[in-house]
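Undergrad: Mind having a look at this structure? Questions to follow.
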Amino acid sequence: MSIDIVSPENLVYTKPELMNDTHMHYCPGCSHGVVHKLIAEVIEEMDLREKTIGIAPVGCAVFAYNYLDIDWQEAAHGRAPALATAVKRLNPDKMVFTYQGDGDLAAIGTAETLHAANRGENIAIIYINNGIYGMTGGQMSPTTLINMSTATSPSGRTSSKDGSPLDMSRLLAQLDGVCLVSRQAVHTAANVKRAKRMIRLAFENSMAGKGTSVVEIVSTCSSGWKMTPAASNDWMVDNMFPVFPLGDLKNI
């Protein structure tokens, strides 16, 4: 007996039409590819393909425009929220989002992020936090954990010399202009579903003019962490989640 696995009644998954037929440059086990797919699915489900403008950063996601067939603007390092502010104010009917890593958002872009959120700009910020500079060689980032070894902290981060990991989501949740801060992950099917739901809510908030929405994705960097993808997921759960616990920090 043969089974037709491509008939409509048996079809359980298709690639989002917004995703281009481009080979991913991300490392095996990287969370970026999953988050890209979720963003594409949400845009399609909300029928926003012609109304979405993404702001691409500097960092591992610098080539986001190669994968998602929507309008993009390229921002200088850390300046994505400032550019998104201009794009949204000039195009208030568009759904504008930034896609940033912790080195981009929580280091060189700290001021731009905080001030855009404090003004309550009607943008969505997708924030990928893997605790390291993945693209440039695995250096310590603002969110690197205490005792975590990186290329620039081979003996581990110390609070006395380097300070504590910077919890940007907790800071942003205190600002009146922010309507949503949610911290999620994409390492299991259940977590993927929750992350997608919060990305959609962030995009809905942008279109409704409710203020700034932030969805942080606590992520792995198997190359920067020098681990296999499976070991990276386990290490993230055991070490990243206690410092950056998942859940909604603000939702109004």
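Each chain in the structure tokens gets a letter, A, B and so on, in the order shown; residues start at 1 in every chain, and ligands are counted from 1 in the order they appear.
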Set the distance at 10 Å and use only C-alpha atoms: which residues neighbour Asn239 (chain A) once local chain neighbours fewer than 6 positions away are removed? I'd like the list as number ranges by chain.
TA: A: 145-146, 148, 233
Undergrad: Can you list, as a list in words, every protein, DNA or RNA residue that comes within 9 Å of Ala75 (chain A) when you count only C-alpha atoms, leaving out same-chain residues fewer than 3 positions away?
TA: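 Contacts, with the query itself left out: Ile55, Ala56, Pro57, Val58, Gly78, Arg79, Ala80, Pro81, Ala82, Leu83 and Ala84 of chain A.
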Undergrad: Would you export the selected residues with N, CA and C atoms as a short mmCIF file (atom, residue, chain, number, x, y, z; two decimals), in the first residue's frame, please?
TA:
data_model
loop_
_atom_site.label_atom_id
_atom_site.label_comp_id
_atom_site.auth_asym_id
_atom_site.auth_seq_id
_atom_site.Cartn_x
_atom_site.Cartn_y
_atom_site.Cartn_z
N ILE A 55 14.44 46.02 9.14
CA ILE A 55 15.70 46.74 9.30
C ILE A 55 16.77 45.71 9.63
N ALA A 56 17.70 45.49 8.71
CA ALA A 56 18.75 44.49 8.89
C ALA A 56 19.92 45.11 9.64
N PRO A 57 20.56 44.36 10.51
CA PRO A 57 21.60 44.88 11.38
C PRO A 57 23.00 44.59 10.83
N VAL A 58 23.98 44.86 11.67
CA VAL A 58 25.32 44.31 11.49
C VAL A 58 25.48 43.17 12.48
N GLY A 78 24.20 48.85 15.26
CA GLY A 78 23.51 49.33 16.44
C GLY A 78 22.44 50.37 16.18
N ARG A 79 22.35 50.85 14.94
CA ARG A 79 21.45 51.99 14.66
C ARG A 79 20.09 51.56 14.13
N ALA A 80 19.77 50.27 14.19
CA ALA A 80 18.51 49.79 13.62
C ALA A 80 17.29 50.48 14.21
N PRO A 81 17.16 50.65 15.54
CA PRO A 81 15.98 51.32 16.07
C PRO A 81 15.84 52.77 15.61
N ALA A 82 16.97 53.47 15.43
CA ALA A 82 16.91 54.85 14.94
C ALA A 82 16.42 54.87 13.50
N LEU A 83 16.93 53.97 12.67
CA LEU A 83 16.47 53.89 11.29
C LEU A 83 15.01 53.46 11.23
N ALA A 84 14.63 52.50 12.08
CA ALA A 84 13.24 52.05 12.11
C ALA A 84 12.31 53.18 12.51
#
Undergrad: Show me, as number ranges by chain, the residues that have an atom within 6 Å of region 108-123 of chain A when counting only C-alpha atoms, minus same-chain residues fewer than 2 positions from it.
TA: A: 78-79, 81-82, 96-97, 104-106, 175, 177-178, 206, 209, 211-212
Undergrad: Please write the residues from the selection above to a file, keeping C-alpha atoms, as an mmCIF file, in the first residue's frame.
TA:
data_model
loop_
_atom_site.group_PDB
_atom_site.id
_atom_site.type_symbol
_atom_site.label_atom_id
_atom_site.label_comp_id
_atom_site.auth_asym_id
_atom_site.auth_seq_id
_atom_site.Cartn_x
_atom_site.Cartn_y
_atom_site.Cartn_z
ATOM 1 C CA GLY A 78 23.507 49.328 16.437
ATOM 2 C CA ARG A 79 21.455 51.985 14.659
ATOM 3 C CA PRO A 81 15.975 51.319 16.069
ATOM 4 C CA ALA A 82 16.913 54.846 14.935
ATOM 5 C CA VAL A 96 8.352 47.986 10.663
ATOM 6 C CA PHE A 97 10.625 45.674 12.628
ATOM 7 C CA ASP A 104 24.224 44.986 18.052
ATOM 8 C CA LEU A 105 21.324 45.842 20.363
ATOM 9 C CA ALA A 106 22.911 45.627 23.814
ATOM 10 C CA LEU A 175 9.878 52.260 29.958
ATOM 11 C CA GLY A 177 6.700 53.680 25.699
ATOM 12 C CA VAL A 178 7.033 49.896 25.658
ATOM 13 C CA SER A 206 3.130 47.873 15.508
ATOM 14 C CA GLY A 209 0.170 51.993 17.115
ATOM 15 C CA GLY A 211 4.183 51.551 21.099
ATOM 16 C CA THR A 212 7.391 49.555 21.068
#
Undergrad: If you run DSSP on the backbone here, which positions in region 33-226 of chain A get strand (DSSP E or B)? Please write them as a PyMOL selection string.
TA: chain A and resi 52-56+68+71-74+95-101+124-129+132-133+139-140+146+150+153+157+178-184+212-218
Undergrad: From the list A:Thr188, A:Thr158, A:Ile199, A:Phe63, which residue is nearest Ile125 (chain A) when using only C-alpha atoms?
TA: A:Ile199
Undergrad: Listing only residues of region 64-125 of chain A within 12 Å of region 16-36 of chain A, what is the closest atom pair and its distance in Å (to one decimal) for each, using only C-alpha atoms, sorted by chain and residue number ascending, as JSON lines?
TA:
{"residue": "A:Ala64", "atom": "CA", "partner": "A:His36", "partner_atom": "CA", "distance": 7.9}
{"residue": "A:Tyr65", "atom": "CA", "partner": "A:Asn20", "partner_atom": "CA", "distance": 9.4}
{"residue": "A:Asn66", "atom": "CA", "partner": "A:Thr22", "partner_atom": "CA", "distance": 7.0}
{"residue": "A:Tyr67", "atom": "CA", "partner": "A:Asn20", "partner_atom": "CA", "distance": 5.1}
{"residue": "A:Leu68", "atom": "CA", "partner": "A:Met19", "partner_atom": "CA", "distance": 4.8}
{"residue": "A:Asp69", "atom": "CA", "partner": "A:Leu18", "partner_atom": "CA", "distance": 5.0}
{"residue": "A:Ile70", "atom": "CA", "partner": "A:Leu18", "partner_atom": "CA", "distance": 7.3}
{"residue": "A:Asp71", "atom": "CA", "partner": "A:Leu18", "partner_atom": "CA", "distance": 11.1}
{"residue": "A:Tyr99", "atom": "CA", "partner": "A:His36", "partner_atom": "CA", "distance": 9.5}
{"residue": "A:Gln100", "atom": "CA", "partner": "A:His32", "partner_atom": "CA", "distance": 10.4}
{"residue": "A:Gly101", "atom": "CA", "partner": "A:His32", "partner_atom": "CA", "distance": 9.8}
Undergrad: Using backbone DSSP assignments, extract all alpha helix (DSSP H) residues from region 15-220 of chain A; output them as a ChimeraX atom specification.
TA: /A:32-45,80-90,102-103,110-119,159-162,168-172,189-208
Undergrad: Compare A:Ile53, A:Met46, A:Ile126, A:Val237 by their minimum atom-to-atom distance to Val181 (chain A), counting only C-alpha atoms, and give me the closest one.
TA: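 The closest residue to Val181 (chain A) is A:Ile126.
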Undergrad: Record the distance separating CA of Gly131 (chain A) and CA of Val62 (chain A), expressed in Å with one decimal.
TA: 17.5 Å
Undergrad: Neighbouring residues of Tyr133 (chain A) were defined as those with any atom within 10 Å, considering only C-alpha atoms; residues of the same chain fewer than 2 positions away were excluded. Please report them as a list in words.
TA: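 After dropping sequence-adjacent residues, the list is Gly59, Cys60, Gly101, Asp102, Gly103, Asp104, Asn129, Asn130, Gly131, Met135, Thr136, Gly137, Gly138, Gln139, Met140, Ser141, Pro142, Thr143, Thr144, Thr150, Ala151, Cys221 and Gly224 of chain A.
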Undergrad: With N, CA and C atoms kept, could you save the residues just selected as a CSV table (one decimal), in the first residue's frame?
TA:
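Writing done, so here's again_6.csv:
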chain,number,residue,atom,x,y,z
A,59,GLY,N,26.0,42.1,12.0
A,59,GLY,CA,26.1,40.9,12.9
A,59,GLY,C,25.8,39.6,12.1
A,60,CYS,N,25.5,38.6,12.7
A,60,CYS,CA,25.3,37.3,12.0
A,60,CYS,C,24.1,37.4,11.1
A,101,GLY,N,21.1,41.3,17.1
A,101,GLY,CA,21.7,40.4,18.0
A,101,GLY,C,22.1,41.2,19.3
A,102,ASP,N,22.6,40.4,20.3
A,102,ASP,CA,23.0,41.1,21.5
A,102,ASP,C,24.2,42.0,21.4
A,103,GLY,N,25.1,41.7,20.5
A,103,GLY,CA,26.2,42.6,20.3
A,103,GLY,C,25.8,43.9,19.6
A,104,ASP,N,24.8,43.8,18.8
A,104,ASP,CA,24.2,45.0,18.1
A,104,ASP,C,23.3,45.8,18.9
A,129,ASN,N,19.5,36.8,21.5
A,129,ASN,CA,20.5,36.9,22.5
A,129,ASN,C,21.2,35.5,22.7
A,130,ASN,N,22.4,35.4,22.2
A,130,ASN,CA,23.2,34.2,22.4
A,130,ASN,C,24.4,34.4,23.3
A,131,GLY,N,24.6,35.5,23.9
A,131,GLY,CA,25.6,35.8,24.9
A,131,GLY,C,27.0,35.9,24.3
A,135,MET,N,29.6,36.5,15.0
A,135,MET,CA,30.1,36.7,13.6
A,135,MET,C,31.6,37.0,13.5
A,136,THR,N,32.1,37.7,14.5
A,136,THR,CA,33.4,38.2,14.5
A,136,THR,C,34.5,37.4,15.2
A,137,GLY,N,34.1,36.3,15.7
A,137,GLY,CA,35.1,35.4,16.3
A,137,GLY,C,34.8,35.0,17.7
A,138,GLY,N,33.7,35.2,18.3
A,138,GLY,CA,33.3,34.7,19.6
A,138,GLY,C,33.8,35.5,20.7
A,139,GLN,N,33.8,36.8,20.6
A,139,GLN,CA,34.2,37.7,21.7
A,139,GLN,C,33.1,37.8,22.8
A,140,MET,N,33.5,38.3,23.9
A,140,MET,CA,32.5,38.6,25.0
A,140,MET,C,31.6,39.7,24.6
A,141,SER,N,30.3,39.5,24.9
A,141,SER,CA,29.3,40.5,24.6
A,141,SER,C,28.7,41.0,25.9
A,142,PRO,N,27.8,42.0,25.9
A,142,PRO,CA,27.2,42.5,27.1
A,142,PRO,C,26.4,41.4,27.9
A,143,THR,N,25.9,40.4,27.1
A,143,THR,CA,25.1,39.4,27.8
A,143,THR,C,25.9,38.1,28.1
A,144,THR,N,27.2,38.1,27.9
A,144,THR,CA,28.0,36.9,28.2
A,144,THR,C,27.8,36.7,29.7
A,150,THR,N,35.1,33.1,26.5
A,150,THR,CA,35.0,33.6,25.1
A,150,THR,C,36.4,33.9,24.6
A,151,ALA,N,36.4,34.3,23.3
A,151,ALA,CA,37.7,34.7,22.8
A,151,ALA,C,38.4,35.8,23.5
A,221,CYS,N,24.8,29.5,20.2
A,221,CYS,CA,25.8,29.8,19.2
A,221,CYS,C,26.8,28.6,19.3
A,224,GLY,N,30.4,29.6,18.3
A,224,GLY,CA,31.1,30.5,19.3
A,224,GLY,C,31.3,29.8,20.7
Undergrad: Select, from A:Lys196, A:Lys226, A:Ile252, A:Leu171, the residue with the minimum atom-to-atom distance to Ser149 (chain A), counting only C-alpha atoms.
TA: A:Lys226
Undergrad: From the set A:Lys161, A:Leu201, A:His187, A:Thr52, which residue has the shortest atom-to-atom contact distance to Ala231 (chain A), counting only C-alpha atoms?
TA: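 The answer is A:His187, which sits nearest to Ala231 (chain A).
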